[in-house]
Amino acid sequence: MADEVTREEMEVDVLLVGAGPANLACAWRLMDLIEKDTAAGGTLGEAVIMVIEKAAHVGAHSISGAVLDPVALNELIPNHQELGSPVKTKISSDAMLYLTSKGKFYVPWVPSSMHHEGCYAISLNELSSWMGTQLEARGCQIFPGTGGAKLLFEGNQVAGVQTDDKGISKEGHRKANFEPGMNLRSKVTVFGEGVRGSLAKELIKKLKLDEGRNPQNYTTGVKELWEFPAGTLTPGQVYHTMGYPLDMQTFGGGFIYNLSDTLMSIGLVVGLNYLNPFTEPQALFSKMKLHPFIADILSKGKMLRYGAKAIPEGGYWSIPKNYGDGFLIVGDSTAFLNPARLKGIHLAMKSGMLAAETIFESLKKGDNTEKSLAEYDRKWRSSYIYNELYSQRNFHYMFENGPLSAPGFVMKHLFTGFTAMPKMHEDHLNMRKLKVHFSGTPPTPDQWRPKPDGKLIFNKLDSVYYSGTNHDEDQPSHLQVSDTNICATICVEEYGNPCQYFCPAQVYEMEEVGNGKKLKINASNCVHCKTCDIADPYGIITWVVPEGGGGPKYDGL
Ligand code: SF4
């Protein structure tokens, strides 16, 4: 139906898809460069820069731990604190704990990559929101509630994107409020859609941008924001945890970041290359909160917010080619995240800044071909993005099968000097079938899920409520399952329908129908974490943008 409508066309010079830290930094830097150029008599003052964002407002879909290395922000906006940036709480102490089921011990040697001198405990969604407001005040055109739905090409050149249609019913009919998406045509399009960006994923596949690279590997992070009485917390105190509740074959760990004396970010990150098909990040996070050390801290507080997001952890070997005719890819969409430091915001921002410098030069030359935009590749490889990612290139590979796999990796690669790319496959290929993983009858969810009490432990639906998630229910599902027969026949037998467990928002349910089961998709619960697009063992789930404005409304996360 979408092709039958007449779409409004708009031409811009630079189109930024997604308003996360990478693209916001790109817009900021580009405006700086253009202003400077105009003051010097240049002609780029009329250039139109447009940012589109699927969330209802800038920052509403941004979520991270987060400990910020301010290096890129300080370079981009040296006076950001004077301007009121929400970057205030310096890390005051950091410790790494190994948790057993009831006890804990301090890890005596913390790798230097996990030291946080000069870093800040922040809320990413507050930072994105602040940058968006500042950019709008500078005259940048930002359109929230607008998703990039389709790539536009002229030959093999990316020529912009089509935005989401609004007002289509569940059955695909136009409703009274129908508004077709626009064709936004641009000289350069920058994809900064965050992790597993839906258009970036399509582009990478279409242009084979990942040829010769390893597939991307991911974790899923589940977190909450807690509030405490004034003076309870030490601002800037950081704990990272290993061990419980994860088993020795599962990659991941927990975090506690004190944002102030009253606010704490707490969460658990779980590698999506897990073996147990019943791995459930939200339930594992609940188990972590029941650990005596953590339950004691949380007993004085109150949960305020919930959110979840996949995290690209593959590092250097998984970075696709991120430039081409008419486009660049920045931030998490191109896996600029250092898994050894658990940090990506500074790399995302730096990549946006380098993209801006590349685009500025290409606009000056009037050349948006791959040859011109390849300068982005040279720039990031000459920057600290490369230094950080190359020096930690094997981090994820060492811990592929949990903490015990590191010595084996080191022995295997010692003689190559660790310079050869280790072979890696997609995460979901690790998942074991039920009969391989469980020797007897597989457990049922009530055997591994802690009982909700509405204070410390929450069921998934309550958690979704605390994420502020909302979608218009009368729209086509943005979770596209290519063959639901597989769910009801093969998957139920082989893997026990793991979508019910890896999804942190209870979107997928297997309903009893007659003598069998049928997949029910509660798309309106979706917190846009992208886990299902990655972890489904048959690779039959595709996440596409829903109607713009839908999704979580993160606040303080
Ligand atoms: Fe995440 Fe997919 Fe569940 Fe949405 S449906 S919350 S993207 S796992």
# chains A, B, ... in the order shown; residues from 1 in each chain; ligands from 1
$ residues_around --residues "range 49-64 of chain A" --least-positions-apart "3" --cutoff "8 Å" --atoms "only C-alpha atoms" --output "PyMOL selection string"
chain A and resi 12-20+23+27+123-129+132+140-148+307-309+528+545+547-555+557
$ residues_around --residues "range 273-285 of chain A" --least-positions-apart "2" --cutoff "6 Å" --atoms "only C-alpha atoms" --output "mmCIF file with all heavy atoms, in the first residue's frame"
data_model
loop_
_atom_site.group_PDB
_atom_site.id
_atom_site.type_symbol
_atom_site.label_atom_id
_atom_site.label_comp_id
_atom_site.auth_asym_id
_atom_site.auth_seq_id
_atom_site.Cartn_x
_atom_site.Cartn_y
_atom_site.Cartn_z
ATOM 1 N N THR A 250 28.440 -18.327 30.891
ATOM 2 C CA THR A 250 27.714 -17.178 30.342
ATOM 3 C C THR A 250 28.505 -15.899 30.565
ATOM 4 O O THR A 250 28.922 -15.602 31.681
ATOM 5 C CB THR A 250 26.310 -17.072 30.985
ATOM 6 O OG1 THR A 250 25.645 -18.319 30.819
ATOM 7 C CG2 THR A 250 25.484 -15.967 30.340
ATOM 8 N N LEU A 268 22.158 -5.546 34.961
ATOM 9 C CA LEU A 268 22.881 -6.778 34.638
ATOM 10 C C LEU A 268 22.973 -6.888 33.120
ATOM 11 O O LEU A 268 21.999 -6.620 32.411
ATOM 12 C CB LEU A 268 22.138 -7.998 35.202
ATOM 13 C CG LEU A 268 22.795 -9.344 34.912
ATOM 14 C CD1 LEU A 268 24.066 -9.519 35.743
ATOM 15 C CD2 LEU A 268 21.832 -10.511 35.221
ATOM 16 N N GLY A 271 25.511 -11.939 28.049
ATOM 17 C CA GLY A 271 25.951 -12.237 26.687
ATOM 18 C C GLY A 271 24.878 -13.028 25.939
ATOM 19 O O GLY A 271 24.319 -13.991 26.477
ATOM 20 N N LYS A 287 17.280 -12.136 40.185
ATOM 21 C CA LYS A 287 18.087 -12.975 41.087
ATOM 22 C C LYS A 287 19.256 -12.175 41.647
ATOM 23 O O LYS A 287 19.601 -12.293 42.828
ATOM 24 C CB LYS A 287 18.606 -14.218 40.348
ATOM 25 C CG LYS A 287 17.544 -15.272 40.147
ATOM 26 C CD LYS A 287 18.045 -16.428 39.325
ATOM 27 C CE LYS A 287 18.777 -17.459 40.165
ATOM 28 N NZ LYS A 287 19.034 -18.703 39.418
ATOM 29 N N MET A 288 19.846 -11.360 40.791
ATOM 30 C CA MET A 288 20.967 -10.538 41.261
ATOM 31 C C MET A 288 20.498 -9.606 42.390
ATOM 32 O O MET A 288 21.198 -9.410 43.384
ATOM 33 C CB MET A 288 21.516 -9.720 40.079
ATOM 34 C CG MET A 288 22.607 -8.741 40.455
ATOM 35 S SD MET A 288 23.137 -7.813 38.987
ATOM 36 C CE MET A 288 23.531 -6.238 39.728
ATOM 37 N N ASP A 427 25.719 -14.966 17.557
ATOM 38 C CA ASP A 427 25.442 -15.391 18.933
ATOM 39 C C ASP A 427 24.463 -16.564 19.013
ATOM 40 O O ASP A 427 24.673 -17.516 19.757
ATOM 41 C CB ASP A 427 24.842 -14.223 19.728
ATOM 42 C CG ASP A 427 25.870 -13.139 20.007
ATOM 43 O OD1 ASP A 427 27.019 -13.478 20.296
ATOM 44 O OD2 ASP A 427 25.497 -11.954 19.937
ATOM 45 N N HIS A 428 23.364 -16.460 18.247
ATOM 46 C CA HIS A 428 22.285 -17.438 18.448
ATOM 47 C C HIS A 428 22.702 -18.864 18.066
ATOM 48 O O HIS A 428 22.054 -19.828 18.468
ATOM 49 C CB HIS A 428 21.005 -17.007 17.710
ATOM 50 C CG HIS A 428 21.127 -17.030 16.222
ATOM 51 N ND1 HIS A 428 20.984 -18.186 15.502
ATOM 52 C CD2 HIS A 428 21.371 -16.060 15.324
ATOM 53 C CE1 HIS A 428 21.121 -17.906 14.214
ATOM 54 N NE2 HIS A 428 21.370 -16.621 14.087
ATOM 55 N N ASN A 430 25.084 -20.417 19.213
ATOM 56 C CA ASN A 430 25.573 -21.103 20.420
ATOM 57 C C ASN A 430 24.453 -21.794 21.203
ATOM 58 O O ASN A 430 24.712 -22.668 22.013
ATOM 59 C CB ASN A 430 26.219 -20.086 21.372
ATOM 60 C CG ASN A 430 27.718 -20.045 21.215
ATOM 61 O OD1 ASN A 430 28.241 -20.481 20.207
ATOM 62 N ND2 ASN A 430 28.403 -19.518 22.210
ATOM 63 N N MET A 431 23.227 -21.320 21.000
ATOM 64 C CA MET A 431 22.121 -21.809 21.844
ATOM 65 C C MET A 431 21.944 -23.325 21.676
ATOM 66 O O MET A 431 21.897 -23.839 20.560
ATOM 67 C CB MET A 431 20.816 -21.089 21.479
ATOM 68 C CG MET A 431 19.708 -21.296 22.487
ATOM 69 S SD MET A 431 18.130 -20.604 21.941
ATOM 70 C CE MET A 431 18.401 -18.874 22.108
ATOM 71 N N ARG A 432 21.851 -24.019 22.811
ATOM 72 C CA ARG A 432 21.688 -25.477 22.758
ATOM 73 C C ARG A 432 20.220 -25.852 22.666
ATOM 74 O O ARG A 432 19.360 -25.174 23.238
ATOM 75 C CB ARG A 432 22.257 -26.101 24.029
ATOM 76 C CG ARG A 432 23.764 -26.139 24.073
ATOM 77 C CD ARG A 432 24.155 -26.782 25.377
ATOM 78 N NE ARG A 432 25.584 -26.894 25.533
ATOM 79 C CZ ARG A 432 26.162 -27.019 26.719
ATOM 80 N NH1 ARG A 432 25.430 -27.023 27.828
ATOM 81 N NH2 ARG A 432 27.455 -27.134 26.819
ATOM 82 N N ARG A 449 12.253 -18.281 37.892
ATOM 83 C CA ARG A 449 11.902 -16.862 38.073
ATOM 84 C C ARG A 449 11.639 -16.567 39.547
ATOM 85 O O ARG A 449 10.767 -17.197 40.161
ATOM 86 C CB ARG A 449 10.628 -16.519 37.306
ATOM 87 C CG ARG A 449 10.827 -16.385 35.826
ATOM 88 C CD ARG A 449 9.510 -16.048 35.138
ATOM 89 N NE ARG A 449 9.701 -15.976 33.701
ATOM 90 C CZ ARG A 449 8.727 -16.077 32.800
ATOM 91 N NH1 ARG A 449 7.474 -16.265 33.191
ATOM 92 N NH2 ARG A 449 8.985 -15.992 31.522
ATOM 93 N N PRO A 498 12.345 -19.820 23.082
ATOM 94 C CA PRO A 498 13.140 -18.924 23.940
ATOM 95 C C PRO A 498 12.776 -17.451 23.821
ATOM 96 O O PRO A 498 13.163 -16.657 24.686
ATOM 97 C CB PRO A 498 14.587 -19.166 23.465
ATOM 98 C CG PRO A 498 14.468 -19.754 22.112
ATOM 99 C CD PRO A 498 13.190 -20.517 22.081
ATOM 100 N N TYR A 501 11.558 -15.829 26.790
ATOM 101 C CA TYR A 501 12.487 -15.608 27.898
ATOM 102 C C TYR A 501 13.513 -14.518 27.613
ATOM 103 O O TYR A 501 13.797 -13.697 28.473
ATOM 104 C CB TYR A 501 13.165 -16.936 28.264
ATOM 105 C CG TYR A 501 12.142 -18.042 28.414
ATOM 106 C CD1 TYR A 501 12.210 -19.212 27.670
ATOM 107 C CD2 TYR A 501 11.039 -17.852 29.267
ATOM 108 C CE1 TYR A 501 11.218 -20.185 27.779
ATOM 109 C CE2 TYR A 501 10.052 -18.824 29.371
ATOM 110 C CZ TYR A 501 10.147 -19.984 28.622
ATOM 111 O OH TYR A 501 9.161 -20.928 28.724
ATOM 112 N N PHE A 502 14.066 -14.492 26.354
ATOM 113 C CA PHE A 502 15.076 -13.449 26.130
ATOM 114 C C PHE A 502 14.456 -12.068 26.008
ATOM 115 O O PHE A 502 15.130 -11.075 26.262
ATOM 116 C CB PHE A 502 16.014 -13.769 24.959
ATOM 117 C CG PHE A 502 15.385 -14.013 23.604
ATOM 118 C CD1 PHE A 502 14.639 -13.034 22.969
ATOM 119 C CD2 PHE A 502 15.596 -15.218 22.939
ATOM 120 C CE1 PHE A 502 14.101 -13.245 21.712
ATOM 121 C CE2 PHE A 502 15.054 -15.446 21.674
ATOM 122 C CZ PHE A 502 14.306 -14.448 21.067
ATOM 123 N N PRO A 504 12.863 -8.929 27.260
ATOM 124 C CA PRO A 504 12.721 -8.403 28.627
ATOM 125 C C PRO A 504 11.407 -7.664 28.849
ATOM 126 O O PRO A 504 11.245 -6.996 29.874
ATOM 127 C CB PRO A 504 13.913 -7.442 28.742
ATOM 128 C CG PRO A 504 14.159 -6.984 27.344
ATOM 129 C CD PRO A 504 13.733 -8.106 26.429
#
$ residues_around --residues "Ser85 in chain A" --least-positions-apart "4" --cutoff "7 Å" --atoms "only C-alpha atoms" --output "list in words"
His80, Gln81, Leu127 and Trp130 of chain A
$ residues_near_ligand --ligand "ligand 1" --cutoff "6 Å" --atoms "only C-alpha atoms and all ligand atoms" --output "PDB file with C-alpha atoms, in the first residue's frame"
ATOM      1  CA  CYS A 503      12.565 -10.656  25.538  1.00  0.00           C
ATOM      2  CA  PRO A 504      12.721  -8.403  28.627  1.00  0.00           C
ATOM      3  CA  ALA A 505       9.248  -6.969  28.006  1.00  0.00           C
ATOM      4  CA  VAL A 507       6.200  -9.281  23.990  1.00  0.00           C
ATOM      5  CA  CYS A 526       8.278  -3.539  23.132  1.00  0.00           C
ATOM      6  CA  VAL A 527      11.055  -1.446  24.695  1.00  0.00           C
ATOM      7  CA  HIS A 528      13.049  -1.445  21.422  1.00  0.00           C
ATOM      8  CA  CYS A 529      15.990  -3.379  22.897  1.00  0.00           C
ATOM      9  CA  LYS A 530      16.494  -5.392  19.630  1.00  0.00           C
ATOM     10  CA  THR A 531      17.305  -8.618  21.492  1.00  0.00           C
ATOM     11  CA  CYS A 532      14.774 -10.675  19.523  1.00  0.00           C
TER      12      CYS A 532
END
$ residues_around --residues "range 93-99 of chain A" --least-positions-apart "3" --cutoff "9 Å" --atoms "only C-alpha atoms" --output "MDAnalysis selection string"
chainID A and resid 102:110 114:117 236:245 291 293
$ select_by_dssp --residues "range 4-149 of chain A" --states "strand (DSSP E or B)" --output "JSON, numbers by chain"
{"A": [9, 10, 11, 12, 13, 14, 15, 16, 17, 49, 50, 51, 52, 53, 67, 68, 89, 90, 93, 94, 95, 96, 97, 98, 99, 104, 105, 106, 120, 121, 141, 142, 143, 144, 148, 149]}
$ write_last_selection --atoms "C-alpha atoms" --output "CSV table (one decimal), in the first residue's frame"
chain,number,residue,atom,x,y,z
A,9,GLU,CA,9.7,15.0,-1.2
A,10,MET,CA,12.1,17.1,0.7
A,11,GLU,CA,15.8,17.8,-0.1
A,12,VAL,CA,18.3,18.3,2.6
A,13,ASP,CA,22.1,18.4,2.5
A,14,VAL,CA,22.7,16.1,5.5
A,15,LEU,CA,20.2,13.7,7.0
A,16,LEU,CA,21.0,12.2,10.4
A,17,VAL,CA,18.9,9.2,11.2
A,49,ILE,CA,21.0,19.6,8.4
A,50,MET,CA,18.1,17.5,9.6
A,51,VAL,CA,17.9,15.0,12.4
A,52,ILE,CA,15.0,12.5,12.6
A,53,GLU,CA,14.3,10.4,15.7
A,67,VAL,CA,29.8,5.8,33.2
A,68,LEU,CA,30.9,8.5,30.7
A,89,THR,CA,28.9,13.4,39.3
A,90,LYS,CA,32.5,12.4,39.1
A,93,SER,CA,35.5,5.1,43.8
A,94,ASP,CA,35.3,1.9,41.8
A,95,ALA,CA,35.5,-1.7,42.9
A,96,MET,CA,35.0,-5.1,41.3
A,97,LEU,CA,33.2,-7.8,43.2
A,98,TYR,CA,32.9,-11.5,42.6
A,99,LEU,CA,29.5,-12.7,43.8
A,104,LYS,CA,31.1,-11.8,47.8
A,105,PHE,CA,34.8,-11.0,47.6
A,106,TYR,CA,36.6,-8.0,46.2
A,120,TYR,CA,31.2,10.6,35.4
A,121,ALA,CA,28.1,8.7,36.4
A,141,GLN,CA,16.1,21.0,12.6
A,142,ILE,CA,15.2,18.0,14.8
A,143,PHE,CA,12.1,16.0,14.1
A,144,PRO,CA,11.2,13.6,16.9
A,148,GLY,CA,13.5,6.1,9.2
A,149,ALA,CA,11.4,3.3,7.6
$ closest_residue --among "A:Asp261, A:Asp332, A:Glu224, A:Glu211" --to "Ser467 in chain A" --atoms "only C-alpha atoms"
A:Glu224
$ select_by_dssp --residues "range 258-442 of chain A" --states "alpha helix (DSSP H)" --output "PyMOL selection string"
chain A and resi 281-290+292-298+345-365+370-373+375-381+384-391+395-398+406-413+434-437
